[in-house]
>>> print(open('run.cif').read())   # mmCIF, C-alpha atoms, pLDDT in the B column; chains and numbers go by the auth columns
data_model
#
loop_
_atom_site.group_PDB
_atom_site.id
_atom_site.type_symbol
_atom_site.label_atom_id
_atom_site.label_comp_id
_atom_site.label_asym_id
_atom_site.label_seq_id
_atom_site.Cartn_x
_atom_site.Cartn_y
_atom_site.Cartn_z
_atom_site.B_iso_or_equiv
_atom_site.auth_seq_id
_atom_site.auth_asym_id
ATOM 1 C CA MET A 1 -108.347 138.692 10.589 48.00 1 T
ATOM 2 C CA PHE A 2 -107.171 135.119 10.991 60.00 2 T
ATOM 3 C CA VAL A 3 -110.091 132.723 11.407 75.00 3 T
ATOM 4 C CA GLU A 4 -109.830 129.146 12.641 86.00 4 T
ATOM 5 C CA PRO A 5 -110.815 126.801 9.804 95.00 5 T
ATOM 6 C CA ARG A 6 -114.140 125.072 10.253 97.00 6 T
ATOM 7 C CA SER A 7 -112.504 121.856 9.080 98.00 7 T
ATOM 8 C CA GLY A 8 -110.117 122.099 12.026 97.00 8 T
ATOM 9 C CA ARG A 9 -112.928 122.329 14.565 96.00 9 T
ATOM 10 C CA LEU A 10 -114.846 119.505 12.900 98.00 10 T
ATOM 11 C CA ALA A 11 -111.829 117.203 12.767 98.00 11 T
ATOM 12 C CA ALA A 12 -110.509 117.962 16.258 97.00 12 T
ATOM 13 C CA TRP A 13 -113.804 117.537 18.079 97.00 13 T
ATOM 14 C CA GLY A 14 -114.883 114.746 15.764 98.00 14 T
ATOM 15 C CA ASN A 15 -111.747 112.831 16.718 97.00 15 T
ATOM 16 C CA ALA A 16 -112.469 113.425 20.397 97.00 16 T
ATOM 17 C CA LEU A 17 -116.034 112.172 19.902 97.00 17 T
ATOM 18 C CA LEU A 18 -114.928 109.102 17.936 96.00 18 T
ATOM 19 C CA ALA A 19 -112.489 108.283 20.748 95.00 19 T
ATOM 20 C CA GLY A 20 -115.245 108.564 23.352 96.00 20 T
ATOM 21 C CA LEU A 21 -113.590 111.507 25.128 97.00 21 T
ATOM 22 C CA VAL A 22 -116.476 113.989 24.801 97.00 22 T
ATOM 23 C CA SER A 23 -120.247 113.813 24.588 97.00 23 T
ATOM 24 C CA PRO A 24 -122.008 114.336 21.245 96.00 24 T
ATOM 25 C CA ASP A 25 -123.625 117.547 22.527 96.00 25 T
ATOM 26 C CA ASP A 26 -120.300 119.060 23.621 97.00 26 T
ATOM 27 C CA ALA A 27 -118.596 118.020 20.393 97.00 27 T
ATOM 28 C CA VAL A 28 -121.285 119.514 18.153 97.00 28 T
ATOM 29 C CA LEU A 29 -121.358 122.737 20.181 96.00 29 T
ATOM 30 C CA ALA A 30 -117.602 123.152 19.649 96.00 30 T
ATOM 31 C CA MET A 31 -117.804 122.239 15.950 97.00 31 T
ATOM 32 C CA VAL A 32 -120.542 124.756 15.187 96.00 32 T
ATOM 33 C CA GLY A 33 -118.838 127.554 17.126 94.00 33 T
ATOM 34 C CA GLU A 34 -120.377 130.916 16.291 92.00 34 T
ATOM 35 C CA ASP A 35 -122.264 129.592 13.256 95.00 35 T
ATOM 36 C CA THR A 36 -126.008 128.995 13.416 95.00 36 T
ATOM 37 C CA VAL A 37 -126.189 125.409 12.214 96.00 37 T
ATOM 38 C CA HIS A 38 -124.134 122.746 10.426 98.00 38 T
ATOM 39 C CA ARG A 39 -125.563 119.926 8.336 98.00 39 T
ATOM 40 C CA VAL A 40 -124.064 117.113 6.258 98.00 40 T
ATOM 41 C CA GLU A 41 -125.363 116.382 2.752 98.00 41 T
ATOM 42 C CA GLY A 42 -124.712 113.321 0.600 97.00 42 T
ATOM 43 C CA LEU A 43 -124.145 110.721 3.313 96.00 43 T
ATOM 44 C CA PRO A 44 -124.706 107.148 2.128 94.00 44 T
ATOM 45 C CA GLY A 45 -128.112 106.008 3.268 91.00 45 T
ATOM 46 C CA GLU A 46 -129.438 109.519 3.888 93.00 46 T
ATOM 47 C CA ALA A 47 -131.715 111.153 1.317 93.00 47 T
ATOM 48 C CA ALA A 48 -131.539 114.630 2.889 96.00 48 T
ATOM 49 C CA PRO A 49 -129.033 116.689 4.870 97.00 49 T
ATOM 50 C CA VAL A 50 -128.657 115.600 8.505 97.00 50 T
ATOM 51 C CA GLY A 51 -127.231 117.127 11.663 97.00 51 T
ATOM 52 C CA LEU A 52 -123.670 116.608 12.817 97.00 52 T
ATOM 53 C CA THR A 53 -124.538 114.120 15.563 96.00 53 T
ATOM 54 C CA LEU A 54 -126.330 111.786 13.178 96.00 54 T
ATOM 55 C CA ALA A 55 -123.705 112.338 10.470 97.00 55 T
ATOM 56 C CA LEU A 56 -120.788 111.389 12.706 96.00 56 T
ATOM 57 C CA GLY A 57 -122.658 108.347 13.963 96.00 57 T
ATOM 58 C CA ARG A 58 -123.333 107.294 10.385 96.00 58 T
ATOM 59 C CA LEU A 59 -119.677 107.791 9.416 97.00 59 T
ATOM 60 C CA ARG A 60 -118.561 105.717 12.406 97.00 60 T
ATOM 61 C CA ALA A 61 -120.909 102.936 11.283 96.00 61 T
ATOM 62 C CA LEU A 62 -119.374 103.135 7.804 96.00 62 T
ATOM 63 C CA GLY A 63 -115.913 102.494 9.279 97.00 63 T
ATOM 64 C CA VAL A 64 -114.573 105.988 9.929 97.00 64 T
ATOM 65 C CA SER A 65 -112.148 105.922 12.870 95.00 65 T
ATOM 66 C CA GLY A 66 -110.549 109.364 12.532 96.00 66 T
ATOM 67 C CA LEU A 67 -110.684 112.693 10.730 97.00 67 T
ATOM 68 C CA ARG A 68 -107.909 114.594 8.994 97.00 68 T
ATOM 69 C CA VAL A 69 -107.783 118.210 7.805 98.00 69 T
ATOM 70 C CA ALA A 70 -106.800 119.508 4.369 98.00 70 T
ATOM 71 C CA LEU A 71 -106.024 123.203 3.779 97.00 71 T
ATOM 72 C CA PRO A 72 -105.205 123.402 0.060 97.00 72 T
ATOM 73 C CA ALA A 73 -104.239 126.506 -1.911 95.00 73 T
ATOM 74 C CA PRO A 74 -103.578 127.016 -5.628 94.00 74 T
ATOM 75 C CA GLY A 75 -100.549 124.897 -6.548 94.00 75 T
ATOM 76 C CA HIS A 76 -100.450 123.298 -3.096 95.00 76 T
ATOM 77 C CA PRO A 77 -102.904 120.399 -2.506 96.00 77 T
ATOM 78 C CA LEU A 78 -102.046 120.264 1.196 97.00 78 T
ATOM 79 C CA GLY A 79 -103.668 117.281 2.904 96.00 79 T
ATOM 80 C CA LEU A 80 -105.498 116.030 -0.190 97.00 80 T
ATOM 81 C CA SER A 81 -105.227 112.629 -1.855 94.00 81 T
ATOM 82 C CA GLY A 82 -107.765 112.874 -4.697 95.00 82 T
ATOM 83 C CA PRO A 83 -109.714 112.204 -6.758 97.00 83 T
ATOM 84 C CA PRO A 84 -109.615 115.412 -8.864 96.00 84 T
ATOM 85 C CA GLU A 85 -113.316 116.135 -8.302 96.00 85 T
ATOM 86 C CA PHE A 86 -112.900 116.192 -4.523 98.00 86 T
ATOM 87 C CA ASN A 87 -109.660 118.146 -4.737 97.00 87 T
ATOM 88 C CA ALA A 88 -111.314 120.806 -6.910 97.00 88 T
ATOM 89 C CA ARG A 89 -114.143 121.348 -4.430 97.00 89 T
ATOM 90 C CA ALA A 90 -111.743 121.401 -1.505 98.00 90 T
ATOM 91 C CA LEU A 91 -109.539 123.930 -3.276 98.00 91 T
ATOM 92 C CA GLN A 92 -112.525 126.157 -3.944 97.00 92 T
ATOM 93 C CA ALA A 93 -113.492 126.012 -0.258 98.00 93 T
ATOM 94 C CA GLU A 94 -109.808 126.243 0.806 97.00 94 T
ATOM 95 C CA GLU A 95 -110.411 123.448 3.313 98.00 95 T
ATOM 96 C CA ALA A 96 -111.822 119.958 3.759 98.00 96 T
ATOM 97 C CA VAL A 97 -112.032 117.042 6.165 98.00 97 T
ATOM 98 C CA VAL A 98 -110.797 113.645 4.980 98.00 98 T
ATOM 99 C CA CYS A 99 -112.007 110.532 6.785 97.00 99 T
ATOM 100 C CA HIS A 100 -109.659 107.823 7.989 96.00 100 T
ATOM 101 C CA GLY A 101 -110.945 104.249 7.831 95.00 101 T
ATOM 102 C CA ALA A 102 -113.461 104.831 5.033 96.00 102 T
ATOM 103 C CA ALA A 103 -113.068 106.641 1.717 97.00 103 T
ATOM 104 C CA PHE A 104 -115.134 109.766 2.365 98.00 104 T
ATOM 105 C CA GLY A 105 -114.386 113.455 2.579 98.00 105 T
ATOM 106 C CA LEU A 106 -116.355 116.509 3.704 98.00 106 T
ATOM 107 C CA VAL A 107 -116.195 119.934 2.036 98.00 107 T
ATOM 108 C CA PRO A 108 -117.979 122.923 3.590 98.00 108 T
ATOM 109 C CA GLU A 109 -120.255 125.333 1.774 98.00 109 T
ATOM 110 C CA VAL A 110 -121.154 128.460 3.738 97.00 110 T
ATOM 111 C CA TYR A 111 -124.416 130.387 3.424 95.00 111 T
ATOM 112 C CA GLU A 112 -124.883 133.785 5.076 93.00 112 T
ATOM 113 C CA ALA A 113 -128.063 135.820 5.451 91.00 113 T
ATOM 114 C CA GLY A 114 -129.194 138.806 7.480 86.00 114 T
ATOM 115 C CA PRO A 115 -127.989 142.355 8.200 87.00 115 T
ATOM 116 C CA GLU A 116 -124.556 143.222 9.526 83.00 116 T
ATOM 117 C CA GLY A 117 -124.336 142.381 13.191 80.00 117 T
ATOM 118 C CA ASP A 118 -127.077 139.771 12.938 85.00 118 T
ATOM 119 C CA VAL A 119 -125.786 137.395 10.269 87.00 119 T
ATOM 120 C CA HIS A 120 -127.239 133.891 10.149 92.00 120 T
ATOM 121 C CA VAL A 121 -124.532 131.429 9.056 95.00 121 T
ATOM 122 C CA GLU A 122 -125.433 127.953 7.871 96.00 122 T
ATOM 123 C CA VAL A 123 -122.768 125.442 6.821 98.00 123 T
ATOM 124 C CA VAL A 124 -123.499 122.448 4.616 98.00 124 T
ATOM 125 C CA TRP A 125 -120.783 119.795 4.529 98.00 125 T
ATOM 126 C CA HIS A 126 -120.848 117.867 1.246 98.00 126 T
ATOM 127 C CA CYS A 127 -119.877 114.215 1.715 98.00 127 T
ATOM 128 C CA LEU A 128 -117.936 112.959 -1.303 98.00 128 T
ATOM 129 C CA PRO A 129 -115.794 109.926 -2.184 97.00 129 T
ATOM 130 C CA VAL A 130 -112.033 110.287 -1.753 98.00 130 T
ATOM 131 C CA ARG A 131 -109.003 108.253 -2.763 96.00 131 T
ATOM 132 C CA GLU A 132 -107.401 106.228 0.018 89.00 132 T
ATOM 133 C CA ALA A 133 -103.798 107.403 -0.185 89.00 133 T
ATOM 134 C CA PRO A 134 -101.345 109.356 2.002 88.00 134 T
ATOM 135 C CA PRO A 135 -102.275 113.065 2.271 91.00 135 T
ATOM 136 C CA ALA A 136 -100.083 115.470 0.323 91.00 136 T
ATOM 137 C CA ASP A 137 -97.245 117.429 1.958 92.00 137 T
ATOM 138 C CA VAL A 138 -98.204 117.018 5.635 93.00 138 T
ATOM 139 C CA PRO A 139 -95.168 117.285 7.945 93.00 139 T
ATOM 140 C CA SER A 140 -94.685 115.642 11.302 92.00 140 T
ATOM 141 C CA LEU A 141 -95.287 117.733 14.412 93.00 141 T
ATOM 142 C CA GLY A 142 -91.556 117.970 15.014 92.00 142 T
ATOM 143 C CA GLU A 143 -90.877 119.190 11.492 94.00 143 T
ATOM 144 C CA ALA A 144 -93.745 121.662 11.700 93.00 144 T
ATOM 145 C CA GLU A 145 -92.519 123.108 14.983 91.00 145 T
ATOM 146 C CA ARG A 146 -89.002 123.661 13.647 92.00 146 T
ATOM 147 C CA GLU A 147 -90.286 125.223 10.433 91.00 147 T
ATOM 148 C CA LEU A 148 -92.664 127.508 12.317 87.00 148 T
ATOM 149 C CA ALA A 149 -90.008 128.946 14.606 84.00 149 T
ATOM 150 C CA GLU A 150 -88.057 130.065 11.551 85.00 150 T
ATOM 151 C CA ALA A 151 -91.212 131.225 9.757 76.00 151 T
ATOM 152 C CA LEU A 152 -92.206 133.476 12.649 75.00 152 T
ATOM 153 C CA ARG A 153 -88.796 135.132 12.587 80.00 153 T
ATOM 154 C CA GLU A 154 -89.002 135.534 8.823 74.00 154 T
ATOM 155 C CA ALA A 155 -92.498 137.025 8.966 68.00 155 T
ATOM 156 C CA THR A 156 -91.467 139.593 11.562 72.00 156 T
ATOM 157 C CA GLU A 157 -88.315 140.512 9.621 75.00 157 T
ATOM 158 C CA VAL A 158 -90.210 140.839 6.342 69.00 158 T
ATOM 159 C CA LEU A 159 -92.932 143.047 7.804 67.00 159 T
ATOM 160 C CA THR A 160 -90.373 145.232 9.546 72.00 160 T
ATOM 161 C CA ARG A 161 -88.200 145.544 6.441 69.00 161 T
ATOM 162 C CA LEU A 162 -91.170 146.507 4.284 64.00 162 T
ATOM 163 C CA ASP A 163 -92.422 148.962 6.921 62.00 163 T
ATOM 164 C CA VAL A 164 -95.727 147.168 7.352 57.00 164 T
ATOM 165 C CA ALA A 165 -97.750 148.428 10.300 50.00 165 T
ATOM 166 C CA ALA A 166 -98.603 144.885 11.338 50.00 166 T
ATOM 167 C CA SER A 167 -95.010 144.262 12.437 48.00 167 T
ATOM 168 C CA GLY A 168 -95.227 146.250 15.672 54.00 168 T
ATOM 169 C CA PRO A 169 -97.614 146.891 18.572 56.00 169 T
ATOM 170 C CA VAL A 170 -100.661 146.487 16.330 52.00 170 T
ATOM 171 C CA ALA A 171 -99.662 142.903 15.621 55.00 171 T
ATOM 172 C CA GLU A 172 -98.969 142.137 19.277 59.00 172 T
ATOM 173 C CA ALA A 173 -102.332 143.576 20.310 54.00 173 T
ATOM 174 C CA ALA A 174 -104.134 141.509 17.680 53.00 174 T
ATOM 175 C CA ILE A 175 -102.292 138.356 18.714 56.00 175 T
ATOM 176 C CA ASP A 176 -103.151 138.984 22.371 59.00 176 T
ATOM 177 C CA ALA A 177 -106.805 139.532 21.445 53.00 177 T
ATOM 178 C CA TYR A 178 -106.860 136.330 19.421 51.00 178 T
ATOM 179 C CA ARG A 179 -105.245 134.415 22.259 54.00 179 T
ATOM 180 C CA GLY A 180 -107.807 135.839 24.692 52.00 180 T
ATOM 181 C CA ARG A 181 -110.702 134.685 22.521 48.00 181 T
ATOM 182 C CA ALA A 182 -109.149 131.233 22.214 49.00 182 T
ATOM 183 C CA GLU A 183 -108.706 130.964 25.993 48.00 183 T
ATOM 184 C CA GLN A 184 -112.325 131.985 26.572 44.00 184 T
ATOM 185 C CA GLY A 185 -113.364 129.220 24.212 42.00 185 T
ATOM 186 C CA GLY A 186 -111.486 126.587 26.220 45.00 186 T
ATOM 187 C CA GLU A 187 -108.901 124.247 24.766 55.00 187 T
ATOM 188 C CA VAL A 188 -106.895 125.145 21.688 69.00 188 T
ATOM 189 C CA LEU A 189 -107.635 121.731 20.215 91.00 189 T
ATOM 190 C CA ALA A 190 -109.827 119.062 21.808 95.00 190 T
ATOM 191 C CA PRO A 191 -109.403 116.317 24.428 95.00 191 T
ATOM 192 C CA GLY A 192 -107.034 113.570 23.349 95.00 192 T
ATOM 193 C CA TYR A 193 -104.511 115.727 21.508 95.00 193 T
ATOM 194 C CA PRO A 194 -100.878 115.758 22.695 92.00 194 T
ATOM 195 C CA PRO A 195 -99.566 119.012 24.235 93.00 195 T
ATOM 196 C CA ARG A 196 -97.112 119.402 21.374 93.00 196 T
ATOM 197 C CA ALA A 197 -99.988 119.563 18.885 95.00 197 T
ATOM 198 C CA ALA A 198 -101.604 122.393 20.842 92.00 198 T
ATOM 199 C CA ARG A 199 -98.262 124.207 20.969 91.00 199 T
ATOM 200 C CA VAL A 200 -97.700 123.839 17.229 93.00 200 T
ATOM 201 C CA LEU A 201 -101.237 124.951 16.423 93.00 201 T
ATOM 202 C CA GLY A 202 -100.946 127.985 18.689 88.00 202 T
ATOM 203 C CA LEU A 203 -97.715 129.046 17.000 86.00 203 T
ATOM 204 C CA ALA A 204 -99.214 128.471 13.543 89.00 204 T
ATOM 205 C CA GLN A 205 -102.181 130.645 14.475 85.00 205 T
ATOM 206 C CA ARG A 206 -99.813 133.364 15.699 80.00 206 T
ATOM 207 C CA VAL A 207 -98.097 133.354 12.304 81.00 207 T
ATOM 208 C CA GLY A 208 -101.522 133.364 10.653 81.00 208 T
ATOM 209 C CA VAL A 209 -102.509 136.489 12.585 78.00 209 T
ATOM 210 C CA LEU A 210 -99.372 138.285 11.390 75.00 210 T
ATOM 211 C CA ILE A 211 -100.034 137.346 7.779 77.00 211 T
ATOM 212 C CA SER A 212 -103.686 138.359 8.040 74.00 212 T
ATOM 213 C CA LEU A 213 -102.749 141.733 9.510 71.00 213 T
ATOM 214 C CA ALA A 214 -100.234 142.312 6.748 70.00 214 T
ATOM 215 C CA ARG A 215 -102.916 141.710 4.144 67.00 215 T
ATOM 216 C CA VAL A 216 -105.678 143.723 5.771 60.00 216 T
ATOM 217 C CA ASN A 217 -103.848 146.612 7.444 54.00 217 T
ATOM 218 C CA GLY A 218 -100.388 146.386 6.014 50.00 218 T
ATOM 219 C CA GLN A 219 -100.066 149.460 3.816 50.00 219 T
ATOM 220 C CA GLY A 220 -97.284 151.022 5.884 48.00 220 T
ATOM 221 C CA GLY A 221 -94.468 152.164 3.636 48.00 221 T
ATOM 222 C CA ALA A 222 -95.231 149.607 0.940 46.00 222 T
ATOM 223 C CA VAL A 223 -97.087 152.048 -1.294 53.00 223 T
ATOM 224 C CA SER A 224 -95.769 151.134 -4.722 66.00 224 T
ATOM 225 C CA ALA A 225 -96.993 148.208 -6.776 70.00 225 T
ATOM 226 C CA SER A 226 -93.544 146.653 -6.757 70.00 226 T
ATOM 227 C CA GLU A 227 -93.334 146.865 -2.971 67.00 227 T
ATOM 228 C CA MET A 228 -96.770 145.316 -2.607 67.00 228 T
ATOM 229 C CA VAL A 229 -95.707 142.446 -4.853 71.00 229 T
ATOM 230 C CA ALA A 230 -92.467 142.046 -2.892 69.00 230 T
ATOM 231 C CA ARG A 231 -94.401 141.806 0.364 70.00 231 T
ATOM 232 C CA ALA A 232 -96.774 139.185 -1.049 73.00 232 T
ATOM 233 C CA GLU A 233 -93.888 137.135 -2.433 76.00 233 T
ATOM 234 C CA ALA A 234 -91.974 137.330 0.831 74.00 234 T
ATOM 235 C CA LEU A 235 -94.954 136.204 2.904 79.00 235 T
ATOM 236 C CA ARG A 236 -96.074 133.368 0.611 84.00 236 T
ATOM 237 C CA PRO A 237 -93.633 130.729 1.958 85.00 237 T
ATOM 238 C CA VAL A 238 -94.415 131.818 5.524 85.00 238 T
ATOM 239 C CA GLU A 239 -98.133 131.366 4.921 88.00 239 T
ATOM 240 C CA ARG A 240 -97.468 127.943 3.384 91.00 240 T
ATOM 241 C CA THR A 241 -95.490 126.880 6.442 92.00 241 T
ATOM 242 C CA ALA A 242 -98.270 128.026 8.770 91.00 242 T
ATOM 243 C CA ARG A 243 -100.888 126.062 6.842 94.00 243 T
ATOM 244 C CA ARG A 244 -98.720 122.916 6.862 95.00 244 T
ATOM 245 C CA ALA A 245 -98.276 123.238 10.621 95.00 245 T
ATOM 246 C CA GLN A 246 -102.002 123.647 11.231 95.00 246 T
ATOM 247 C CA VAL A 247 -102.706 120.470 9.267 97.00 247 T
ATOM 248 C CA ALA A 248 -99.962 118.601 11.142 96.00 248 T
ATOM 249 C CA ALA A 249 -101.478 119.641 14.487 96.00 249 T
ATOM 250 C CA TYR A 250 -105.075 118.764 13.602 97.00 250 T
ATOM 251 C CA ASN A 251 -104.022 115.427 12.067 97.00 251 T
ATOM 252 C CA SER A 252 -101.624 114.395 14.826 95.00 252 T
ATOM 253 C CA VAL A 253 -104.072 112.130 16.670 94.00 253 T
ATOM 254 C CA VAL A 254 -104.745 110.074 13.544 93.00 254 T
ATOM 255 C CA GLU A 255 -101.054 109.999 12.600 88.00 255 T
ATOM 256 C CA GLU A 256 -100.041 108.790 16.056 84.00 256 T
ATOM 257 C CA ARG A 257 -102.732 106.126 16.006 79.00 257 T
ATOM 258 C CA GLU A 258 -101.423 104.884 12.663 76.00 258 T
ATOM 259 C CA ARG A 259 -97.924 104.622 14.083 73.00 259 T
ATOM 260 C CA GLY A 260 -99.255 102.751 17.104 66.00 260 T
ATOM 261 C CA VAL A 261 -98.363 105.490 19.573 48.00 261 T
ATOM 262 C CA ARG A 262 -101.905 105.735 20.918 44.00 262 T
#
>>> encode(input="run.cif", output="structure tokens")
Amino acid sequence: MFVEPRSGRLAAWGNALLAGLVSPDDAVLAMVGEDTVHRVEGLPGEAAPVGLTLALGRLRALGVSGLRVALPAPGHPLGLSGPPEFNARALQAEEAVVCHGAAFGLVPEVYEAGPEGDVHVEVVWHCLPVREAPPADVPSLGEAERELAEALREATEVLTRLDVAASGPVAEAAIDAYRGRAEQGGEVLAPGYPPRAARVLGLAQRVGVLISLARVNGQGGAVSASEMVARAEALRPVERTARRAQVAAYNSVVEERERGVR
């Protein structure tokens, strides 16, 4: 099932904290989510991993004024700016946070322990140097919203054409369940984000749910190898669009600040 990227939570609530819109306790609670604990390793001036509150305070002191998200995939370094060492780690994790105002980036490493139903999840964010350059392939919110509307239509048409179970009531039920969990958790993003960013992120997550369902439950009539390949090929550009839109939404506060809107 579609899962909100940890980098998204860290960036969104980190931006709200850096702007003074939330307390450190509330921000860290939202960042950690259902995980057990998050720590940051490799911060300048810190010999051992530290908690998120101390880490964000240290980054602010080092000049960090905002946080961006990167959601790279093979052949698509979305949101990254280098160097190669950082990009490689971010690609392996499939996500990262890139600091604005100081040349640092954070890549998560997830550790799980315990029996099913009682899993202890610890996340270590590795702080690494990054190249100060524009992030790769990040659209504006307006571009992302237009692309997503078309992508959602394409995803539904593809799943229906290939007789994938996720194209009907199963998909709608899953989307409703995801929306319900998001509403219970409060805001889609964090304080300080424009309504359009929340709208774009919600639509991107809806597309993400469809794609996730197609991968997990989507046998349907696509039983041959060629049909499975056709489905994967058809959904690839839709998935790419959804990832670009998520990054645009999470990064919108920093982008607007750079343009002098906020």
>>> resolve_selection(input="run.cif", expression="the PyMOL selection byres ((chain T and resi 194) around 12)", output="list in words")
Ala12, Leu141, Glu187, Val188, Leu189, Ala190, Pro191, Gly192, Tyr193, Pro195, Arg196, Ala197, Ala198, Arg199, Val200, Leu201, Ala248, Ala249, Tyr250, Asn251, Ser252, Val253, Val254, Glu255, Glu256, Arg257, Val261 and Arg262 of chain T
>>> closest_residue(input="run.cif", among="T:Arg89, T:Leu210, T:Gly114, T:Gly57", to="Ala73 (chain T)", atoms="all atoms listed in the file")
T:Arg89
>>> resolve_selection(input="run.cif", expression="the PyMOL selection byres ((chain T and resi 60) around 12)", output="list in words")
Gly14, Asn15, Leu17, Leu18, Ala19, Gly20, Leu43, Thr53, Leu54, Ala55, Leu56, Gly57, Arg58, Leu59, Ala61, Leu62, Gly63, Val64, Ser65, Gly66, Leu67, Cys99, His100, Gly101, Ala102 and Phe104 of chain T
>>> closest_residue(input="run.cif", among="T:Arg9, T:Arg231, T:Arg244, T:His76", to="Glu157 (chain T)", atoms="all atoms listed in the file")
T:Arg231
>>> resolve_selection(input="run.cif", expression="the PyMOL selection byres ((chain T and resi 131) around 10)", output="number ranges by chain")
T: 80-84, 86, 98, 102-105, 129-130, 132-135
>>> build_atoms(input="run.cif", residues="region 87-105 of chain T", atoms="N, CA and C atoms", output="PDB file, in the frame of the given file")
ATOM      1  N   ASN T  87    -110.708 117.134  -4.898  1.00 97.00           N
ATOM      2  CA  ASN T  87    -109.660 118.146  -4.737  1.00 97.00           C
ATOM      3  C   ASN T  87    -110.122 119.509  -5.228  1.00 97.00           C
ATOM      4  N   ALA T  88    -110.853 119.535  -6.347  1.00 97.00           N
ATOM      5  CA  ALA T  88    -111.314 120.806  -6.910  1.00 97.00           C
ATOM      6  C   ALA T  88    -112.277 121.502  -5.956  1.00 97.00           C
ATOM      7  N   ARG T  89    -113.189 120.746  -5.363  1.00 97.00           N
ATOM      8  CA  ARG T  89    -114.143 121.348  -4.430  1.00 97.00           C
ATOM      9  C   ARG T  89    -113.437 121.810  -3.163  1.00 97.00           C
ATOM     10  N   ALA T  90    -112.485 121.017  -2.696  1.00 98.00           N
ATOM     11  CA  ALA T  90    -111.743 121.401  -1.505  1.00 98.00           C
ATOM     12  C   ALA T  90    -110.914 122.654  -1.765  1.00 98.00           C
ATOM     13  N   LEU T  91    -110.328 122.758  -2.936  1.00 98.00           N
ATOM     14  CA  LEU T  91    -109.539 123.930  -3.276  1.00 98.00           C
ATOM     15  C   LEU T  91    -110.414 125.172  -3.339  1.00 98.00           C
ATOM     16  N   GLN T  92    -111.607 125.030  -3.882  1.00 97.00           N
ATOM     17  CA  GLN T  92    -112.525 126.157  -3.944  1.00 97.00           C
ATOM     18  C   GLN T  92    -112.910 126.620  -2.539  1.00 97.00           C
ATOM     19  N   ALA T  93    -113.137 125.672  -1.636  1.00 98.00           N
ATOM     20  CA  ALA T  93    -113.492 126.012  -0.258  1.00 98.00           C
ATOM     21  C   ALA T  93    -112.278 126.383   0.582  1.00 98.00           C
ATOM     22  N   GLU T  94    -111.079 126.024   0.113  1.00 97.00           N
ATOM     23  CA  GLU T  94    -109.808 126.243   0.806  1.00 97.00           C
ATOM     24  C   GLU T  94    -109.675 125.382   2.061  1.00 97.00           C
ATOM     25  N   GLU T  95    -110.521 124.352   2.177  1.00 98.00           N
ATOM     26  CA  GLU T  95    -110.411 123.448   3.313  1.00 98.00           C
ATOM     27  C   GLU T  95    -111.297 122.238   3.076  1.00 98.00           C
ATOM     28  N   ALA T  96    -111.013 121.170   3.823  1.00 98.00           N
ATOM     29  CA  ALA T  96    -111.822 119.958   3.759  1.00 98.00           C
ATOM     30  C   ALA T  96    -111.441 119.064   4.927  1.00 98.00           C
ATOM     31  N   VAL T  97    -112.315 118.086   5.194  1.00 98.00           N
ATOM     32  CA  VAL T  97    -112.032 117.042   6.165  1.00 98.00           C
ATOM     33  C   VAL T  97    -111.989 115.723   5.408  1.00 98.00           C
ATOM     34  N   VAL T  98    -110.947 114.937   5.650  1.00 98.00           N
ATOM     35  CA  VAL T  98    -110.797 113.645   4.980  1.00 98.00           C
ATOM     36  C   VAL T  98    -110.887 112.543   6.030  1.00 98.00           C
ATOM     37  N   CYS T  99    -111.781 111.601   5.815  1.00 97.00           N
ATOM     38  CA  CYS T  99    -112.007 110.532   6.785  1.00 97.00           C
ATOM     39  C   CYS T  99    -110.899 109.484   6.723  1.00 97.00           C
ATOM     40  N   HIS T 100    -110.594 108.935   7.882  1.00 96.00           N
ATOM     41  CA  HIS T 100    -109.659 107.823   7.989  1.00 96.00           C
ATOM     42  C   HIS T 100    -110.448 106.575   8.336  1.00 96.00           C
ATOM     43  N   GLY T 101    -110.239 105.488   7.584  1.00 95.00           N
ATOM     44  CA  GLY T 101    -110.945 104.249   7.831  1.00 95.00           C
ATOM     45  C   GLY T 101    -112.036 103.962   6.830  1.00 95.00           C
ATOM     46  N   ALA T 102    -112.476 104.975   6.104  1.00 96.00           N
ATOM     47  CA  ALA T 102    -113.461 104.831   5.033  1.00 96.00           C
ATOM     48  C   ALA T 102    -113.242 105.967   4.050  1.00 96.00           C
ATOM     49  N   ALA T 103    -113.469 105.703   2.776  1.00 97.00           N
ATOM     50  CA  ALA T 103    -113.068 106.641   1.717  1.00 97.00           C
ATOM     51  C   ALA T 103    -114.107 107.729   1.487  1.00 97.00           C
ATOM     52  N   PHE T 104    -114.228 108.628   2.482  1.00 98.00           N
ATOM     53  CA  PHE T 104    -115.134 109.766   2.365  1.00 98.00           C
ATOM     54  C   PHE T 104    -114.406 111.043   2.755  1.00 98.00           C
ATOM     55  N   GLY T 105    -114.893 112.154   2.204  1.00 98.00           N
ATOM     56  CA  GLY T 105    -114.386 113.455   2.579  1.00 98.00           C
ATOM     57  C   GLY T 105    -115.537 114.433   2.702  1.00 98.00           C
TER      58      GLY T 105
END
